[in-house]
Amino acid sequence: MVRFVRLDKRGMLCYHGSAMNIAVIGKGGREQALVETLADSSGKPQIFSFPGSDAIFRTAMPLVADGLESLVDAMVREEIDLCVAGEESYLVKGEGLANRCARAGIPCWGPPKESAQLEASKEFAKKFMMKHGIPTGKAVAVTNAQEAREVIGGNYPAVLKFDGLAAGKGVAVCPDETSAESFLIEVFERHRFGEGRLLVEEFLTGPEISIFAAVCDDKYLVLCPARDYKRLKDGDEGPNTGGMGAVASRRLTDENTLRVIEQSIVEPTVAGLREDGLPYRGFLYFGLMLTPDGPKVIEYNCRFGDPECEAVMPLLQGDLAGFCLAGARGEFRPELISFSEGWSVCCILASAGYPVSSHSGDKISGLEDCKARVFHCGSKCADGGWVTAGGRVLAITATGATLEEARKAAHAEAAKVDFSGSQRRNDIAYRNI
Ligand code: AMP
Ligand code: GLY
């Protein structure tokens, strides 16, 4: 893309090459997928990112900042027309990203802090669902290990959820007392996730599905559904992770199930937000379990899923930038985007030690041979190549007209890429379909 360099009012170098400037906030594979899809929009907007990553900065310009306040200053300086929230933490940090953008007059695709409590507090979300009759598992909030034991009452599996942001690691499905006790130690003695309460939730069964809606005030568009694979190992074994892969397709669920989900969950959630005076413009993610009693909400997230985003974005057609800008201004324009009919499969390569720890600096090989889309979740440039720099390192996505085509290509292309200690699941898009 041709970029023009100009000096802004303060004499600083600015890059300007298009009608629209968009800031994407976050640094992972999800944000890279958003950056690339937004950059591909019809108006060819200029994308900026904070904190971004080496992979993101191949497409986007960096926003130089060291906190929310200076980030918004940088957005004003770069004449940002639209802020797109990728990562959840910024939505609830300090004053809240969207709240701060609103004060600076920058439209933000992502909800204000008060609405983002739907993700940031599991207790808040549970109360919201109870109040609005949205199907979900029963739960009790406890403040210490002894209370937790009493509520569990010897019934296993027990589902324990820390009541705060924990990067997908604050939930434990405990098959027995030993595993429950060790999670209680993590939460109440080691304070692994910080201070907070714990929810003891009813154990639900059934296949899981991730439903995404683009919400604009009282209106919404349900996007292409996806399924992620949260456990580390094949066969859904091993610890929960942020997600080891994903599959997306409009055909992932039948029409009837999707209609039930929309009527019993999406519609009442959007109506509930309005009723409770919680403004919402942005992606809303419904983590659902299709139980024998119908779909139930496991969790809400106030942003796109990761790695689902890396699977869904390659299927998106149309003008995502125009859609998000209109939506952030309160104008619902569903006709601007659509999803292709095919399938998309994303395989994650994670570093040694993940999810307990992560390993940085391992040289990544085979990227030049990989013909699939590669999104970088945790990597950096070093000595003219790429090295690991996080738990989840790469998301490798292939699309195809059929499920078979997409999953074969995704696994074959992911197998070409390697680094010391890399971990990958072989059953992504084969299991639970
Ligand atoms: P969450 O972070 O709330 O999405 O939970 C992480 C994972 O834990 C989910 O994807 C489920 O596999 C599992 N899980 C969460 N809640 C329940 C529940 N009530 N019953 C059974 N499994 C659950
Ligand atoms: N894939 C799960 C999440 O984004 O929380």
# chains A, B, ... in the order shown; residues from 1 in each chain; ligands from 1

$ closest_atom_pairs --of "region 222-307 of chain A" --to "region 192-212 of chain A" --cutoff "9 Å" --atoms "only C-alpha atoms" --output "JSON lines"
{"residue": "A:Val222", "atom": "CA", "partner": "A:Phe212", "partner_atom": "CA", "distance": 5.9}
{"residue": "A:Leu223", "atom": "CA", "partner": "A:Phe212", "partner_atom": "CA", "distance": 5.4}
{"residue": "A:Cys224", "atom": "CA", "partner": "A:Phe212", "partner_atom": "CA", "distance": 7.0}
{"residue": "A:Pro225", "atom": "CA", "partner": "A:Ile211", "partner_atom": "CA", "distance": 5.0}
{"residue": "A:Ala226", "atom": "CA", "partner": "A:Ser210", "partner_atom": "CA", "distance": 5.1}
{"residue": "A:Arg227", "atom": "CA", "partner": "A:Ile209", "partner_atom": "CA", "distance": 4.9}
{"residue": "A:Asp228", "atom": "CA", "partner": "A:Ser210", "partner_atom": "CA", "distance": 7.3}
{"residue": "A:Leu252", "atom": "CA", "partner": "A:Ile209", "partner_atom": "CA", "distance": 8.8}
{"residue": "A:Thr253", "atom": "CA", "partner": "A:Ile209", "partner_atom": "CA", "distance": 8.7}
{"residue": "A:Ile261", "atom": "CA", "partner": "A:Ile211", "partner_atom": "CA", "distance": 8.7}
{"residue": "A:Val266", "atom": "CA", "partner": "A:Ile211", "partner_atom": "CA", "distance": 8.9}
{"residue": "A:Phe283", "atom": "CA", "partner": "A:Phe212", "partner_atom": "CA", "distance": 6.7}
{"residue": "A:Leu284", "atom": "CA", "partner": "A:Phe212", "partner_atom": "CA", "distance": 5.7}
{"residue": "A:Tyr285", "atom": "CA", "partner": "A:Phe212", "partner_atom": "CA", "distance": 4.6}
{"residue": "A:Phe286", "atom": "CA", "partner": "A:Ile211", "partner_atom": "CA", "distance": 5.1}
{"residue": "A:Gly287", "atom": "CA", "partner": "A:Ser210", "partner_atom": "CA", "distance": 4.8}
{"residue": "A:Leu288", "atom": "CA", "partner": "A:Ile209", "partner_atom": "CA", "distance": 5.3}
{"residue": "A:Met289", "atom": "CA", "partner": "A:Glu208", "partner_atom": "CA", "distance": 4.4}
{"residue": "A:Leu290", "atom": "CA", "partner": "A:Gly206", "partner_atom": "CA", "distance": 5.1}
{"residue": "A:Thr291", "atom": "CA", "partner": "A:Gly206", "partner_atom": "CA", "distance": 4.7}
{"residue": "A:Pro292", "atom": "CA", "partner": "A:Gly206", "partner_atom": "CA", "distance": 7.0}
{"residue": "A:Pro295", "atom": "CA", "partner": "A:Gly206", "partner_atom": "CA", "distance": 8.9}
{"residue": "A:Lys296", "atom": "CA", "partner": "A:Leu204", "partner_atom": "CA", "distance": 8.7}
{"residue": "A:Ile298", "atom": "CA", "partner": "A:Leu204", "partner_atom": "CA", "distance": 8.8}
{"residue": "A:Arg303", "atom": "CA", "partner": "A:Phe212", "partner_atom": "CA", "distance": 8.8}
{"residue": "A:Phe304", "atom": "CA", "partner": "A:Phe212", "partner_atom": "CA", "distance": 7.2}
{"residue": "A:Gly305", "atom": "CA", "partner": "A:Ser210", "partner_atom": "CA", "distance": 8.0}

$ residues_around --residues "Trp343 (chain A)" --least-positions-apart "2" --cutoff "8 Å" --atoms "only C-alpha atoms" --output "PyMOL selection string"
chain A and resi 247-250+315+341+345+399-403+406

$ residues_near_ligand --ligand "ligand 2" --cutoff "10 Å" --atoms "only C-alpha atoms and all ligand atoms" --output "PyMOL selection string"
chain A and resi 30+87-88+119+166-169+210+226-230+241-246+285-287+299-309

$ select_by_dssp --residues "region 184-376 of chain A" --states "alpha helix (DSSP H)" --output "ChimeraX atom specification"
/A:184,255-261,267-275,308-312,320-328

$ closest_residue --among "A:Ser121, A:Ser41, A:Asn144, A:Thr59" --to "ligand 1" --atoms "only C-alpha atoms and all ligand atoms"
A:Ser121

$ residues_around --residues "Arg100 (chain A)" --least-positions-apart "5" --cutoff "8 Å" --atoms "only C-alpha atoms" --output "list in words"
Leu68, Glu69, Val72 and Glu95 of chain A

$ select_by_dssp --residues "region 209-278 of chain A" --states "strand (DSSP E or B)" --output "list of chain:residue names"
A:Ile209, A:Ser210, A:Ile211, A:Phe212, A:Ala213, A:Ala214, A:Val215, A:Cys216, A:Lys219, A:Tyr220, A:Leu221, A:Val222, A:Ala226, A:Arg227, A:Asp228, A:Arg231, A:Leu232, A:Lys233, A:Glu237, A:Gly238, A:Pro239, A:Asn240, A:Gly245, A:Ala246, A:Val247, A:Ala248, A:Ser249

$ residues_around --residues "Ala98 (chain A)" --least-positions-apart "2" --cutoff "10 Å" --atoms "only C-alpha atoms" --output "ChimeraX atom specification"
/A:83-85,90-92,95-96,100-104,106-113,116,281,328

$ atom_distance --atom1 "CA of Gly353 (chain A)" --atom2 "CA of Ala414 (chain A)"
19.2 Å
